[in-house]
Structures are given as structure tokens and as C-alpha cells.
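File shown: input.cif. Contents: mmCIF, C-alpha atoms.
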```
data_data
loop_
_atom_site.label_atom_id
_atom_site.label_comp_id
_atom_site.auth_asym_id
_atom_site.auth_seq_id
_atom_site.Cartn_x
_atom_site.Cartn_y
_atom_site.Cartn_z
CA MET A 1 -10.89 31.12 -18.60
CA GLY A 2 -8.56 28.69 -16.82
CA ILE A 3 -9.29 25.00 -16.51
CA TYR A 4 -10.07 25.25 -12.79
CA LYS A 5 -12.94 27.68 -13.41
CA GLN A 6 -14.24 25.51 -16.25
CA LEU A 7 -14.31 22.52 -13.92
CA LYS A 8 -15.84 24.54 -11.11
CA ASN A 9 -18.58 25.80 -13.45
CA LYS A 10 -19.14 22.22 -14.68
CA GLU A 11 -18.38 23.25 -18.24
CA THR A 12 -16.02 20.31 -18.51
CA LYS A 13 -15.13 17.15 -16.55
CA ILE A 14 -12.43 15.56 -14.44
CA GLY A 15 -11.49 11.99 -15.33
CA VAL A 16 -9.89 9.72 -12.73
CA ILE A 17 -8.04 6.77 -14.29
CA GLY A 18 -7.80 3.84 -11.90
CA LEU A 19 -10.37 3.44 -9.12
CA GLY A 20 -8.57 1.58 -6.37
CA TYR A 21 -7.60 2.71 -2.86
CA VAL A 22 -6.30 6.00 -4.25
CA GLY A 23 -8.43 6.81 -7.28
CA LEU A 24 -11.92 6.16 -5.93
CA PRO A 25 -11.70 8.48 -2.87
CA ILE A 26 -10.27 11.24 -5.08
CA ALA A 27 -12.98 10.79 -7.69
CA LEU A 28 -15.76 10.90 -5.10
CA GLU A 29 -14.30 13.94 -3.38
CA PHE A 30 -14.07 15.88 -6.65
CA ALA A 31 -17.62 14.77 -7.50
CA LYS A 32 -18.99 16.82 -4.60
CA THR A 33 -18.55 20.04 -6.59
CA MET A 34 -17.46 19.00 -10.10
CA GLN A 35 -18.46 16.60 -12.87
CA VAL A 36 -16.36 13.47 -12.68
CA VAL A 37 -15.83 10.40 -14.83
CA GLY A 38 -14.35 7.46 -12.96
CA PHE A 39 -12.55 5.07 -15.33
CA ASP A 40 -11.29 1.57 -14.60
CA ILE A 41 -10.42 -1.24 -17.02
CA ASN A 42 -12.10 -3.81 -14.75
CA GLU A 43 -15.79 -3.80 -15.70
CA LYS A 44 -16.68 -5.97 -12.71
CA ARG A 45 -15.28 -3.35 -10.33
CA VAL A 46 -16.99 -0.57 -12.31
CA GLU A 47 -20.35 -2.30 -11.97
CA MET A 48 -19.86 -2.60 -8.20
CA MET A 49 -19.19 1.13 -7.96
CA ARG A 50 -22.30 1.91 -10.02
CA ASN A 51 -24.14 0.10 -7.23
CA ASN A 52 -22.42 2.15 -4.51
CA ILE A 53 -20.03 -0.63 -3.52
CA ASP A 54 -16.33 0.03 -2.98
CA PRO A 55 -14.43 -3.06 -4.24
CA SER A 56 -11.59 -2.18 -1.85
CA GLU A 57 -13.98 -2.18 1.12
CA GLU A 58 -12.69 1.16 2.37
CA LEU A 59 -15.80 3.31 1.77
CA ASP A 60 -19.40 2.60 2.66
CA ALA A 61 -22.40 3.20 0.41
CA SER A 62 -23.03 6.68 1.79
CA ALA A 63 -19.76 7.89 0.25
CA PHE A 64 -21.35 7.52 -3.19
CA GLU A 65 -24.49 9.50 -2.42
CA ASN A 66 -25.13 12.92 -3.99
CA LYS A 67 -22.01 12.77 -6.14
CA ASP A 68 -21.85 13.99 -9.76
CA ILE A 69 -19.95 10.99 -11.06
CA GLU A 70 -20.21 8.46 -13.86
CA PHE A 71 -18.34 5.15 -13.68
CA THR A 72 -17.15 3.57 -16.92
CA SER A 73 -14.70 1.13 -18.48
CA SER A 74 -15.23 2.59 -21.95
CA LEU A 75 -12.96 5.09 -23.67
CA ASP A 76 -16.03 6.86 -25.00
CA GLY A 77 -16.86 7.95 -21.48
CA LEU A 78 -13.63 9.99 -21.34
CA LYS A 79 -14.19 12.09 -24.45
CA ASP A 80 -15.57 15.10 -22.55
CA VAL A 81 -12.80 15.03 -19.94
CA THR A 82 -10.22 17.82 -19.96
CA PHE A 83 -8.47 17.20 -16.62
CA PHE A 84 -7.14 13.66 -16.19
CA VAL A 85 -5.92 12.23 -12.87
CA VAL A 86 -3.93 8.99 -13.26
CA ALA A 87 -4.00 6.88 -10.08
CA VAL A 88 -2.96 3.38 -11.12
CA PRO A 89 -0.64 1.00 -9.21
CA THR A 90 3.12 1.07 -9.70
CA PRO A 91 4.27 -2.37 -8.53
CA ILE A 92 7.59 -4.18 -8.86
CA ASN A 93 8.21 -7.39 -10.80
CA SER A 94 9.68 -10.67 -9.60
CA HIS A 95 13.19 -9.20 -9.93
CA LYS A 96 12.24 -6.25 -7.69
CA LEU A 97 12.41 -3.83 -10.60
CA PRO A 98 9.77 -1.18 -11.41
CA ASP A 99 6.83 -2.50 -13.39
CA LEU A 100 5.54 0.50 -15.33
CA ARG A 101 3.04 -1.42 -17.43
CA PRO A 102 -0.06 -0.18 -15.57
CA LEU A 103 1.22 3.41 -15.66
CA LEU A 104 2.20 3.37 -19.32
CA GLY A 105 -1.04 1.58 -20.19
CA ALA A 106 -3.02 4.31 -18.45
CA SER A 107 -0.98 6.95 -20.30
CA ASN A 108 -1.87 5.23 -23.56
CA THR A 109 -5.55 5.27 -22.60
CA VAL A 110 -5.45 8.99 -21.82
CA ALA A 111 -3.52 9.74 -25.01
CA GLN A 112 -6.29 8.25 -27.14
CA VAL A 113 -8.78 10.87 -25.89
CA LEU A 114 -6.35 13.73 -25.18
CA LYS A 115 -7.24 17.11 -26.75
CA LYS A 116 -5.59 20.51 -27.05
CA GLY A 117 -5.79 22.39 -23.79
CA ASP A 118 -6.14 19.27 -21.62
CA TYR A 119 -4.28 18.58 -18.36
CA VAL A 120 -2.88 15.27 -17.15
CA VAL A 121 -1.87 14.86 -13.50
CA TYR A 122 -0.15 11.70 -12.26
CA GLU A 123 -0.61 10.48 -8.68
CA SER A 124 1.12 7.08 -8.93
CA THR A 125 4.35 6.74 -6.94
CA VAL A 126 7.36 6.73 -9.29
CA TYR A 127 11.07 7.50 -9.33
CA PRO A 128 12.06 11.11 -10.03
CA GLY A 129 11.95 11.74 -13.77
CA CYS A 130 9.42 9.04 -14.63
CA THR A 131 6.57 11.44 -15.48
CA GLU A 132 8.66 13.42 -17.94
CA GLU A 133 10.92 10.65 -19.26
CA ASP A 134 8.47 7.73 -19.51
CA CYS A 135 4.87 8.97 -19.39
CA ILE A 136 4.90 12.17 -21.44
CA PRO A 137 6.49 10.49 -24.51
CA VAL A 138 3.58 8.00 -24.49
CA LEU A 139 1.08 10.85 -24.30
CA GLU A 140 2.74 12.58 -27.24
CA GLU A 141 3.15 9.46 -29.37
CA PHE A 142 -0.41 8.20 -29.14
CA SER A 143 -2.16 11.58 -29.15
CA GLY A 144 -0.16 13.29 -31.86
CA LEU A 145 -0.03 16.36 -29.61
CA LYS A 146 2.96 18.29 -28.28
CA PHE A 147 3.71 18.58 -24.57
CA LYS A 148 3.37 22.17 -23.25
CA GLU A 149 2.20 23.43 -26.63
CA ASP A 150 -1.01 21.37 -26.72
CA PHE A 151 -1.40 19.86 -23.24
CA MET A 152 -0.04 20.33 -19.72
CA VAL A 153 1.19 17.76 -17.23
CA GLY A 154 1.57 17.78 -13.47
CA TYR A 155 2.37 15.40 -10.65
CA SER A 156 0.63 15.23 -7.26
CA PRO A 157 1.62 12.20 -5.20
CA GLU A 158 -1.08 10.34 -3.30
CA ARG A 159 -0.91 10.19 0.49
CA ILE A 160 -3.86 7.91 1.16
CA ASN A 161 -3.22 5.28 3.82
CA PRO A 162 -5.53 2.23 3.53
CA GLY A 163 -7.53 1.61 6.68
CA ASP A 164 -6.67 5.03 8.14
CA THR A 165 -9.80 7.06 8.86
CA GLU A 166 -7.87 9.88 10.53
CA HIS A 167 -5.40 10.92 7.82
CA THR A 168 -7.67 11.25 4.80
CA LEU A 169 -7.44 12.98 1.44
CA THR A 170 -9.10 16.15 2.69
CA ASN A 171 -7.11 16.72 5.89
CA VAL A 172 -3.56 15.93 4.74
CA ILE A 173 -1.55 18.58 2.89
CA LYS A 174 -1.33 17.71 -0.82
CA VAL A 175 1.91 18.18 -2.74
CA VAL A 176 1.27 19.46 -6.26
CA SER A 177 3.52 20.32 -9.20
CA GLY A 178 3.19 21.43 -12.80
CA CYS A 179 5.26 21.69 -15.94
CA CYS A 180 5.18 25.51 -15.81
CA GLY A 181 4.01 28.30 -13.54
CA GLU A 182 0.56 28.53 -15.11
CA SER A 183 -0.09 24.79 -14.97
CA LEU A 184 1.12 24.63 -11.35
CA GLU A 185 -1.38 27.29 -10.32
CA GLU A 186 -4.29 25.69 -12.18
CA ILE A 187 -3.52 22.24 -10.74
CA ALA A 188 -3.13 23.70 -7.25
CA GLN A 189 -6.52 25.40 -7.47
CA VAL A 190 -8.20 22.17 -8.59
CA TYR A 191 -6.83 20.27 -5.59
CA GLU A 192 -7.52 23.12 -3.20
CA GLU A 193 -11.17 22.60 -4.07
CA VAL A 194 -11.15 19.30 -2.14
CA VAL A 195 -8.11 19.31 0.17
CA GLN A 196 -9.06 21.34 3.23
CA ALA A 197 -5.55 21.09 4.70
CA GLY A 198 -4.22 22.97 1.68
CA VAL A 199 -1.59 22.22 -0.94
CA HIS A 200 2.18 22.58 -1.14
CA ARG A 201 3.41 23.86 -4.49
CA ALA A 202 6.56 21.89 -5.29
CA ALA A 203 9.30 23.54 -7.33
CA THR A 204 9.21 20.97 -10.13
CA ILE A 205 7.62 17.68 -11.11
CA LYS A 206 10.82 15.84 -10.18
CA VAL A 207 10.83 17.44 -6.73
CA ALA A 208 7.26 16.23 -6.12
CA GLU A 209 8.15 12.72 -7.34
CA ALA A 210 11.21 12.64 -5.07
CA ALA A 211 9.27 13.94 -2.06
CA LYS A 212 6.79 11.09 -2.30
CA ILE A 213 9.31 8.34 -2.75
CA ILE A 214 11.49 9.40 0.18
CA GLU A 215 8.46 9.49 2.51
CA ASN A 216 8.13 5.72 2.22
CA THR A 217 11.88 5.08 1.93
CA GLN A 218 12.48 6.90 5.20
CA ARG A 219 9.80 4.85 6.94
CA ASP A 220 11.19 1.65 5.46
CA LEU A 221 14.66 2.39 6.82
CA ASN A 222 13.34 3.25 10.29
CA ILE A 223 11.45 -0.03 10.47
CA ALA A 224 14.49 -1.91 9.15
CA LEU A 225 16.58 -0.49 12.01
CA VAL A 226 14.06 -1.69 14.59
CA ASN A 227 13.79 -5.08 12.88
CA GLU A 228 17.56 -5.46 13.04
CA LEU A 229 17.54 -4.40 16.68
CA SER A 230 14.90 -7.04 17.39
CA ILE A 231 17.18 -9.71 15.91
CA ILE A 232 20.03 -8.52 18.12
CA PHE A 233 17.86 -8.29 21.22
CA ASN A 234 16.50 -11.78 20.60
CA LYS A 235 20.05 -13.11 20.87
CA MET A 236 20.35 -11.22 24.16
CA ASN A 237 17.04 -12.61 25.41
CA ILE A 238 15.61 -9.08 25.68
CA ASN A 239 12.04 -8.24 24.68
CA THR A 240 12.18 -5.58 21.95
CA TYR A 241 8.85 -4.03 22.96
CA ASP A 242 10.12 -3.55 26.52
CA VAL A 243 13.17 -1.77 25.11
CA LEU A 244 11.06 0.45 22.83
CA GLU A 245 8.73 1.30 25.70
CA ALA A 246 11.66 2.44 27.81
CA ALA A 247 13.40 4.35 25.02
CA GLY A 248 10.09 5.94 24.03
CA THR A 249 10.04 7.98 27.23
CA LYS A 250 12.60 10.35 25.62
CA TRP A 251 10.88 13.24 23.84
CA ASN A 252 12.69 12.88 20.52
CA PHE A 253 12.79 9.09 20.21
CA LEU A 254 11.11 7.92 16.99
CA LYS A 255 8.50 5.28 17.77
CA PHE A 256 8.81 2.61 15.12
CA PHE A 257 8.07 -1.07 15.75
CA PRO A 258 9.35 -4.36 14.30
CA GLY A 259 7.29 -6.45 11.92
CA LEU A 260 6.67 -7.59 8.37
CA VAL A 261 6.98 -4.81 5.79
CA GLY A 262 4.82 -5.45 2.75
CA GLY A 263 2.06 -3.69 0.88
CA HIS A 264 2.11 -1.58 -2.22
CA CYS A 265 4.00 1.40 -0.73
CA ILE A 266 6.74 0.88 1.84
CA GLY A 267 7.72 -2.56 0.58
CA VAL A 268 7.84 -1.37 -3.06
CA ASP A 269 8.70 2.32 -3.42
CA PRO A 270 12.35 2.14 -2.26
CA TYR A 271 13.06 -0.20 -5.17
CA TYR A 272 11.96 2.54 -7.59
CA LEU A 273 14.52 4.89 -6.06
CA THR A 274 17.37 2.36 -6.01
CA TYR A 275 16.57 1.43 -9.62
CA LYS A 276 16.92 5.03 -10.75
CA ALA A 277 20.06 5.52 -8.65
CA LYS A 278 21.67 2.48 -10.25
CA GLU A 279 20.72 3.76 -13.70
CA LEU A 280 22.65 6.91 -12.82
CA GLY A 281 25.67 4.91 -11.68
CA TYR A 282 25.16 4.94 -7.92
CA HIS A 283 24.56 1.89 -5.72
CA ALA A 284 22.27 2.92 -2.87
CA GLN A 285 23.86 1.06 0.02
CA ILE A 286 21.75 2.13 3.00
CA ILE A 287 18.41 1.84 1.21
CA ASN A 288 19.27 -1.60 -0.16
CA ALA A 289 20.49 -2.74 3.25
CA GLY A 290 17.18 -1.70 4.80
CA ARG A 291 15.26 -3.52 2.08
CA PHE A 292 17.32 -6.68 2.70
CA VAL A 293 16.55 -6.63 6.42
CA ASN A 294 12.82 -6.07 5.94
CA ASP A 295 12.50 -8.60 3.13
CA SER A 296 14.18 -11.20 5.36
CA MET A 297 11.86 -10.86 8.34
CA GLY A 298 9.24 -13.38 7.20
CA ALA A 299 11.74 -16.22 6.88
CA TYR A 300 13.51 -15.14 10.07
CA THR A 301 10.26 -15.22 12.04
CA ALA A 302 9.37 -18.71 10.86
CA LYS A 303 12.87 -20.03 11.62
CA GLN A 304 12.69 -18.72 15.18
CA ALA A 305 9.30 -20.38 15.62
CA VAL A 306 10.63 -23.66 14.23
CA LYS A 307 13.47 -23.62 16.78
CA LYS A 308 10.99 -23.19 19.61
CA ILE A 309 8.72 -25.95 18.30
CA ILE A 310 11.70 -28.33 18.20
CA ALA A 311 12.72 -27.20 21.70
CA GLU A 312 9.32 -28.40 22.91
CA GLY A 313 10.30 -31.91 21.77
CA LYS A 314 8.17 -31.93 18.61
CA HIS A 315 9.04 -32.97 15.07
CA ILE A 316 8.57 -29.99 12.80
CA SER A 317 7.55 -32.15 9.84
CA GLU A 318 4.66 -33.48 11.92
CA SER A 319 3.68 -30.10 13.36
CA ARG A 320 0.54 -28.11 12.58
CA VAL A 321 0.83 -24.32 12.38
CA LEU A 322 -1.97 -21.77 12.36
CA VAL A 323 -1.18 -18.34 10.87
CA MET A 324 -3.63 -15.63 11.87
CA GLY A 325 -3.72 -12.75 9.40
CA ALA A 326 -2.76 -12.67 5.71
CA THR A 327 -3.27 -9.07 4.60
CA PHE A 328 -0.33 -6.68 4.40
CA LYS A 329 -1.56 -4.62 7.37
CA GLU A 330 -4.24 -4.58 10.03
CA ASP A 331 -7.95 -4.13 9.35
CA VAL A 332 -7.77 -3.97 5.54
CA SER A 333 -8.56 -6.52 2.83
CA ASP A 334 -5.50 -5.65 0.73
CA ILE A 335 -3.18 -8.61 0.17
CA ARG A 336 -0.79 -6.92 -2.28
CA ASN A 337 2.83 -7.79 -1.48
CA SER A 338 1.85 -9.34 1.84
CA LYS A 339 4.94 -10.71 3.55
CA VAL A 340 2.88 -13.20 5.55
CA CYS A 341 3.37 -15.50 2.58
CA ASP A 342 7.10 -15.58 3.37
CA VAL A 343 6.32 -16.87 6.86
CA ILE A 344 4.05 -19.55 5.44
CA ASP A 345 6.51 -20.63 2.75
CA GLU A 346 9.31 -20.97 5.29
CA PHE A 347 7.21 -23.18 7.58
CA LYS A 348 6.26 -25.35 4.59
CA SER A 349 9.93 -25.69 3.60
CA PHE A 350 10.45 -27.46 6.94
CA GLY A 351 7.57 -29.81 6.21
CA ALA A 352 5.06 -28.29 8.61
CA THR A 353 1.33 -28.25 7.83
CA VAL A 354 0.12 -24.65 7.71
CA GLU A 355 -3.44 -23.32 7.91
CA VAL A 356 -4.37 -19.65 7.54
CA VAL A 357 -7.27 -17.50 8.75
CA ASP A 358 -8.08 -13.85 8.18
CA PRO A 359 -11.37 -12.00 8.79
CA HIS A 360 -10.68 -9.46 6.04
CA ALA A 361 -8.87 -11.29 3.23
CA ASP A 362 -10.51 -13.11 0.33
CA SER A 363 -9.59 -16.78 0.14
CA ASP A 364 -9.82 -17.03 -3.65
CA SER A 365 -7.61 -13.98 -4.12
CA LEU A 366 -5.00 -15.45 -1.77
CA LYS A 367 -5.12 -18.76 -3.62
CA GLU A 368 -4.61 -17.03 -6.95
CA GLU A 369 -1.85 -14.72 -5.73
CA TYR A 370 0.10 -16.90 -3.28
CA GLY A 371 -1.09 -20.47 -3.70
CA PHE A 372 -2.89 -20.86 -0.36
CA GLY A 373 -6.43 -20.20 0.77
CA LEU A 374 -8.15 -19.71 4.11
CA VAL A 375 -9.70 -22.31 6.41
CA THR A 376 -13.16 -21.66 7.80
CA GLU A 377 -12.97 -23.91 10.88
CA LEU A 378 -10.12 -24.11 13.37
CA SER A 379 -8.73 -27.29 14.89
CA ASN A 380 -7.81 -27.77 18.53
CA ASP A 381 -4.39 -29.32 18.03
CA TYR A 382 -2.08 -26.67 16.57
CA ASP A 383 1.52 -26.91 17.69
CA CYS A 384 2.18 -23.27 16.87
CA VAL A 385 0.02 -20.19 16.37
CA VAL A 386 1.51 -17.17 14.59
CA VAL A 387 -0.44 -13.94 14.98
CA ALA A 388 1.03 -12.16 11.95
CA VAL A 389 -1.37 -9.21 11.58
CA ASN A 390 -2.81 -7.22 14.48
CA HIS A 391 -6.41 -7.06 13.26
CA LYS A 392 -8.82 -5.62 15.81
CA ASP A 393 -10.53 -9.02 15.76
CA TYR A 394 -7.43 -10.49 17.42
CA THR A 395 -6.46 -7.84 19.96
CA ASN A 396 -8.75 -9.05 22.75
CA LEU A 397 -7.93 -12.74 22.50
CA ASP A 398 -6.57 -14.23 25.73
CA GLU A 399 -4.42 -17.14 26.80
CA ALA A 400 -7.48 -19.35 27.34
CA TYR A 401 -8.38 -18.92 23.66
CA PHE A 402 -4.97 -20.04 22.49
CA LYS A 403 -5.10 -23.01 24.85
CA SER A 404 -8.41 -24.03 23.28
CA ILE A 405 -6.98 -24.31 19.76
CA THR A 406 -3.58 -25.84 20.54
CA ALA A 407 -2.04 -29.18 21.46
CA ASN A 408 0.29 -29.83 24.39
CA ASN A 409 3.23 -27.43 24.79
CA PRO A 410 2.33 -25.08 21.92
CA VAL A 411 4.33 -22.06 20.77
CA ILE A 412 2.61 -18.68 20.42
CA VAL A 413 4.35 -16.26 18.06
CA ASP A 414 3.16 -12.65 18.35
CA LEU A 415 4.73 -10.54 15.60
CA LYS A 416 3.24 -7.24 16.77
CA GLY A 417 3.62 -7.73 20.50
CA ILE A 418 -0.11 -7.40 21.20
CA TYR A 419 -0.11 -10.17 23.84
CA LYS A 420 3.01 -9.08 25.72
CA ASP A 421 2.51 -9.79 29.45
CA LYS A 422 -0.84 -11.49 28.66
CA ILE A 423 0.46 -15.00 27.88
CA ASN A 424 2.27 -16.50 30.84
CA GLU A 425 1.77 -20.27 30.79
CA LEU A 426 2.34 -21.06 27.11
CA THR A 427 5.67 -20.66 25.31
CA TYR A 428 5.54 -17.11 23.93
CA TRP A 429 7.81 -15.26 21.49
CA SER A 430 7.61 -11.92 19.73
CA LEU A 431 9.90 -9.87 17.55
#
```
Just give me the structure as C-alpha cells.
Amino acid sequence: MGIYKQLKNKETKIGVIGLGYVGLPIALEFAKTMQVVGFDINEKRVEMMRNNIDPSEELDASAFENKDIEFTSSLDGLKDVTFFVVAVPTPINSHKLPDLRPLLGASNTVAQVLKKGDYVVYESTVYPGCTEEDCIPVLEEFSGLKFKEDFMVGYSPERINPGDTEHTLTNVIKVVSGCCGESLEEIAQVYEEVVQAGVHRAATIKVAEAAKIIENTQRDLNIALVNELSIIFNKMNINTYDVLEAAGTKWNFLKFFPGLVGGHCIGVDPYYLTYKAKELGYHAQIINAGRFVNDSMGAYTAKQAVKKIIAEGKHISESRVLVMGATFKEDVSDIRNSKVCDVIDEFKSFGATVEVVDPHADSDSLKEEYGFGLVTELSNDYDCVVVAVNHKDYTNLDEAYFKSITANNPVIVDLKGIYKDKINELTYWSL
């Protein structure tokens, strides 16, 4: 009997390693029809999930109801698992190089409970070759088992988009791969159990890894192009959003918009690909150029705002700036790799006083990660307001609101163009 049927008959269990934005939804979806063990090294997070609370604030309590799942931070809880899904973060370090410590640590954890006949499927975004060259050796070393002879490995990249309730795990086609024909089919059947949109069987593990990483690299490059265009159009005194609106009337124009590019996917994944390319002796010129443009946008935005503050006759070192939004994207609490911090740091380098608000972010987490927290009460004398993230909470604000929190001759900076044509009396600028 194959492993899929064993799981379907609840003769054995699925274990999901890492219960963040990716792992928890997968674990809960599998738990509708199979026995699942959700494992995370953070006991505080585990305890929250035992009480039907999603630490990432993506799922409500009802998502936990009627699910055959056990949450644990103990290795003992994984001993009955035969199908492991690894869904841990793959960040970059301060040198913009892949940081595989979470992934290799998770592989070590799995190896300690790995048995003959088990399957391990990785979902973390990596460069092509990482699963076979970096992860499998760890599984073999710490389990004492032989790859393919004793256990099988596959790769199925995650496609979960935080804050997106339309494109979910179940209704987006899932790419799956295996180390052989038999393992591919078993892994595909397991995912077909929960993914209603179906699965795509990739030719190899490397193909699946490459498919995932170019999804985000392609998006990164498209945004970089629009960001560069916005810099050029600013010099021409043309509103970029007006240009995009006009160009968007053509049927095959790709609708990307300028802005800060952070987060744990688009702002990170291209560096995994360029790292591997360099290891193979190739310098990825276009991808690196796109990364440079997008990584520069925070400082560029602040500099443009500083120029406009000075043009209003104010001393920047005496100016007060309010930044609205600190998460990496709208309507989520995730602050990982948020580029808003670049905007804040640049303002501070000019001597400005900066305060930050965000209805979704956690002040203590921001303080720990970036060195600034959130204010709870706004003043009425800001010289500049930067709306950095287009949270729904901000979309209906009007010019009267901004007048109420600013001093004379303030500058309003709208990074996402949500107030275009709505602010007419105050000095207004957008990318």
C-alpha cells in the first residue's frame, strides 16, 4: 500500500515542520481528512495554536475547528509521522546571501525521527539544487538512512500570498516533484487531496525549485522597471500613475506599479538565484540590476520628500515626519524585510524626527527588528506625512484629515498613489 492510501486511511500521519504563513494553512487543510502533527520550535506560538489562535493573524478561530491535528514543539510528537512537509523560512543574511540555517535545522529535526519508507517534501523557496545538494545530505547524516533506498524526497513550492483571500492553497495549482516516478505520483496524490485546482507534476526537483524562484524574480524585475520609470517621470514632472493608467488601456500591457519591494518573497528570492548563478560562474546582470533599483527606492523616496520639505522653507533637522504603515505590504502584520525602515532611516540621517503608526504591526516586534516602535497618539504639527503602505484603514482618508495632523505648508508623500487627484491644496508627491 502506498503512502497516500496509508495517510488517507489514517494509518499514519503527516507532519508539517514550521507553522507560519505557509505551514499552518497547509497543516489545517490536510487535517480535514488526515491525521496531522503541526511542529514548530516556538512553544509560545504552539500554545496559541492549541487555543485556536493563528500567531500570523491570517486565519480566524473557525479554521481550527473539526481538524484532526496536534500541535507540538517536541520531537516525540513526530515519531508516528511518515510524511514530512518542511515549510520554514529561507531568508537572506546582512550580506544578501542565502541563510539556510532554518532549512538545515528543520532537516536535522526531521532526520532525528526519520524511518525507512518515510517521505520528506520541502516547500521552502530555495535555489535550484538546494534540496538535493544541501538538505538531503543532512537527512542522511543524522538519520543514518540512505536516500532513495530508505526514504524519498520531493519538492512542492508554496504559493501562499499573505493577506490574499482569493488565491488560497486550495484554488491555486500546486507544483509537485519527486525523486523518482513512484515518489512523484505518491506526493501528487497527497496534495491532490487538498488542492482543488489540481497539481502540476514537474519533471524534476530542480525544475520545481527553479519554477518557484523565477515566479518572484520575474515580478521583482517588472516592479523594478516601473520603479525606474517613476524616477525618470519624476524628472519630467509626469505622474507615473497617470502614465500607467493610459498605457493600461492596451490589452497586453502588464499592470505593475511602483513602490517599496520587501517581504520574505520578492525582496529575497532573487538573491537565492543570483547566489547560485555566481557559484556556477555567471554574474546575473539583469536580476541584480532590478534588485539594486528596488532596494534603493526607500532612500530615494525619503530624499525626494526632504527636497520638498526644504522647498517649503523648512529646516529638515527641525522637521517632524509621520510615516503611516510599517509592514511589508497592505493589510498584514508581517514586518519581515519591510523596506519602510529604509525610508525612516534616510529621514533620520537628515536629522528629522520620525514617528510611525500602523494598525497591523506590533510595536515591540518593530523595536526589536528595526530599532523603532509605534506611537499611539498623533500630533497636529507634522511637516511631512508619508503614506508608505496602502492599508484599507488609510484608503478613505481625505485632505481634511491630513490638514488636521500637519503644520503649515506640509508635504504629503503617497507611495502607492491612493490619494491621486484627492489632495489639491497641500503639497503632494507620489512615485
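Among the candidate residues A:Phe30, A:Tyr122, A:Tyr419, A:Phe142, the one lying nearest to A:Asp68 is A:Phe30, with distances computed using all atoms listed in the file.
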Using only C-alpha atoms, which residues sit within 9 Å of A:Glu57 once same-chain residues fewer than 6 positions away are excluded, as a list of chain:residue names? A:Tyr21, A:Val332, A:Ser333
Write out as a PyMOL selection string each polymer residue whose atoms come within 10 Å of stretch 168-180 of chain A, counting all atoms listed in the file; drop sequence neighbours fewer than 4 positions from it. chain A and resi 22+25-26+29+119-123+132+147-148+152-164+184-189+191-209+211-212
Quick one: apply the PyMOL selection byres ((chain A and resi 221-225) around 7) to the file and drop the selected residues here as an MDAnalysis selection string. chainID A and resid 217:220 226:229 256:258 287 290 293:294
Applied to the shown file, which residues does the PyMOL selection byres ((chain A and resi 330) around 7) return, written as a PyMOL selection string? chain A and resi 329+331-332+389-391
Report, in Å with one decimal, the straight-line distance from atom CA of A:Ala407 to atom CA of A:Arg320. 9.3 Å
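Residue selection for this entry, given the PyMOL selection byres ((chain A and resi 111) around 9), comprises Ala106, Ser107, Asn108, Thr109, Val110, Gln112, Val113, Leu114, Lys115, Val138, Leu139, Glu140, Glu141, Phe142, Ser143, Gly144 and Leu145 of chain A.
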If you count only C-alpha atoms, which residues fall within 9 Å of A:Val16, apart from same-chain ones fewer than 2 positions away, as JSON, numbers by chain? {"A": [14, 18, 19, 23, 24, 26, 27, 36, 37, 38, 39, 40, 83, 84, 85, 86, 87]}
Keeping C-alpha atoms, export the residues of the selection given above as a PDB file, in the frame of the given file.
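To be explicit, this is the file written out as selection13.pdb:
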```
ATOM      1  CA  ILE A  14     -12.430  15.560 -14.440  1.00  0.00           C
ATOM      2  CA  GLY A  18      -7.800   3.840 -11.900  1.00  0.00           C
ATOM      3  CA  LEU A  19     -10.370   3.440  -9.120  1.00  0.00           C
ATOM      4  CA  GLY A  23      -8.430   6.810  -7.280  1.00  0.00           C
ATOM      5  CA  LEU A  24     -11.920   6.160  -5.930  1.00  0.00           C
ATOM      6  CA  ILE A  26     -10.270  11.240  -5.080  1.00  0.00           C
ATOM      7  CA  ALA A  27     -12.980  10.790  -7.690  1.00  0.00           C
ATOM      8  CA  VAL A  36     -16.360  13.470 -12.680  1.00  0.00           C
ATOM      9  CA  VAL A  37     -15.830  10.400 -14.830  1.00  0.00           C
ATOM     10  CA  GLY A  38     -14.350   7.460 -12.960  1.00  0.00           C
ATOM     11  CA  PHE A  39     -12.550   5.070 -15.330  1.00  0.00           C
ATOM     12  CA  ASP A  40     -11.290   1.570 -14.600  1.00  0.00           C
ATOM     13  CA  PHE A  83      -8.470  17.200 -16.620  1.00  0.00           C
ATOM     14  CA  PHE A  84      -7.140  13.660 -16.190  1.00  0.00           C
ATOM     15  CA  VAL A  85      -5.920  12.230 -12.870  1.00  0.00           C
ATOM     16  CA  VAL A  86      -3.930   8.990 -13.260  1.00  0.00           C
ATOM     17  CA  ALA A  87      -4.000   6.880 -10.080  1.00  0.00           C
TER      18      ALA A  87
END
```
Using only C-alpha atoms, determine which residues lie at most 12 Å from A:Leu431, disregarding the query and same-chain residues fewer than 6 positions distant; provide the list as a PyMOL selection string. chain A and resi 226-235+237-244+257-260+297-298+300-302+304-305+386-388+412-420
Starting from the incomplete input, reconstruct N, CA and C atoms of stretch 128-139 of chain A and write that as a CSV table (one decimal), in the coordinates of the input.
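In the end it all went to result05.csv:
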```
chain,number,residue,atom,x,y,z
A,128,PRO,N,12.0,9.8,-9.4
A,128,PRO,CA,12.1,11.1,-10.0
A,128,PRO,C,12.5,11.0,-11.5
A,129,GLY,N,11.7,11.7,-12.3
A,129,GLY,CA,12.0,11.7,-13.8
A,129,GLY,C,11.0,10.9,-14.6
A,130,CYS,N,10.3,10.0,-13.9
A,130,CYS,CA,9.4,9.0,-14.6
A,130,CYS,C,8.3,9.7,-15.4
A,131,THR,N,7.7,10.7,-14.8
A,131,THR,CA,6.6,11.4,-15.5
A,131,THR,C,7.0,12.0,-16.8
A,132,GLU,N,8.2,12.7,-16.7
A,132,GLU,CA,8.7,13.4,-17.9
A,132,GLU,C,9.4,12.5,-18.9
A,133,GLU,N,10.1,11.5,-18.4
A,133,GLU,CA,10.9,10.6,-19.3
A,133,GLU,C,10.2,9.4,-19.8
A,134,ASP,N,9.2,9.0,-19.1
A,134,ASP,CA,8.5,7.7,-19.5
A,134,ASP,C,7.0,8.0,-19.9
A,135,CYS,N,6.3,8.8,-19.1
A,135,CYS,CA,4.9,9.0,-19.4
A,135,CYS,C,4.6,10.0,-20.5
A,136,ILE,N,5.2,11.1,-20.5
A,136,ILE,CA,4.9,12.2,-21.4
A,136,ILE,C,5.2,11.7,-22.9
A,137,PRO,N,6.3,11.0,-23.1
A,137,PRO,CA,6.5,10.5,-24.5
A,137,PRO,C,5.3,9.6,-25.0
A,138,VAL,N,4.7,8.8,-24.1
A,138,VAL,CA,3.6,8.0,-24.5
A,138,VAL,C,2.4,8.9,-24.8
A,139,LEU,N,2.2,9.9,-24.0
A,139,LEU,CA,1.1,10.8,-24.3
A,139,LEU,C,1.3,11.5,-25.7
```
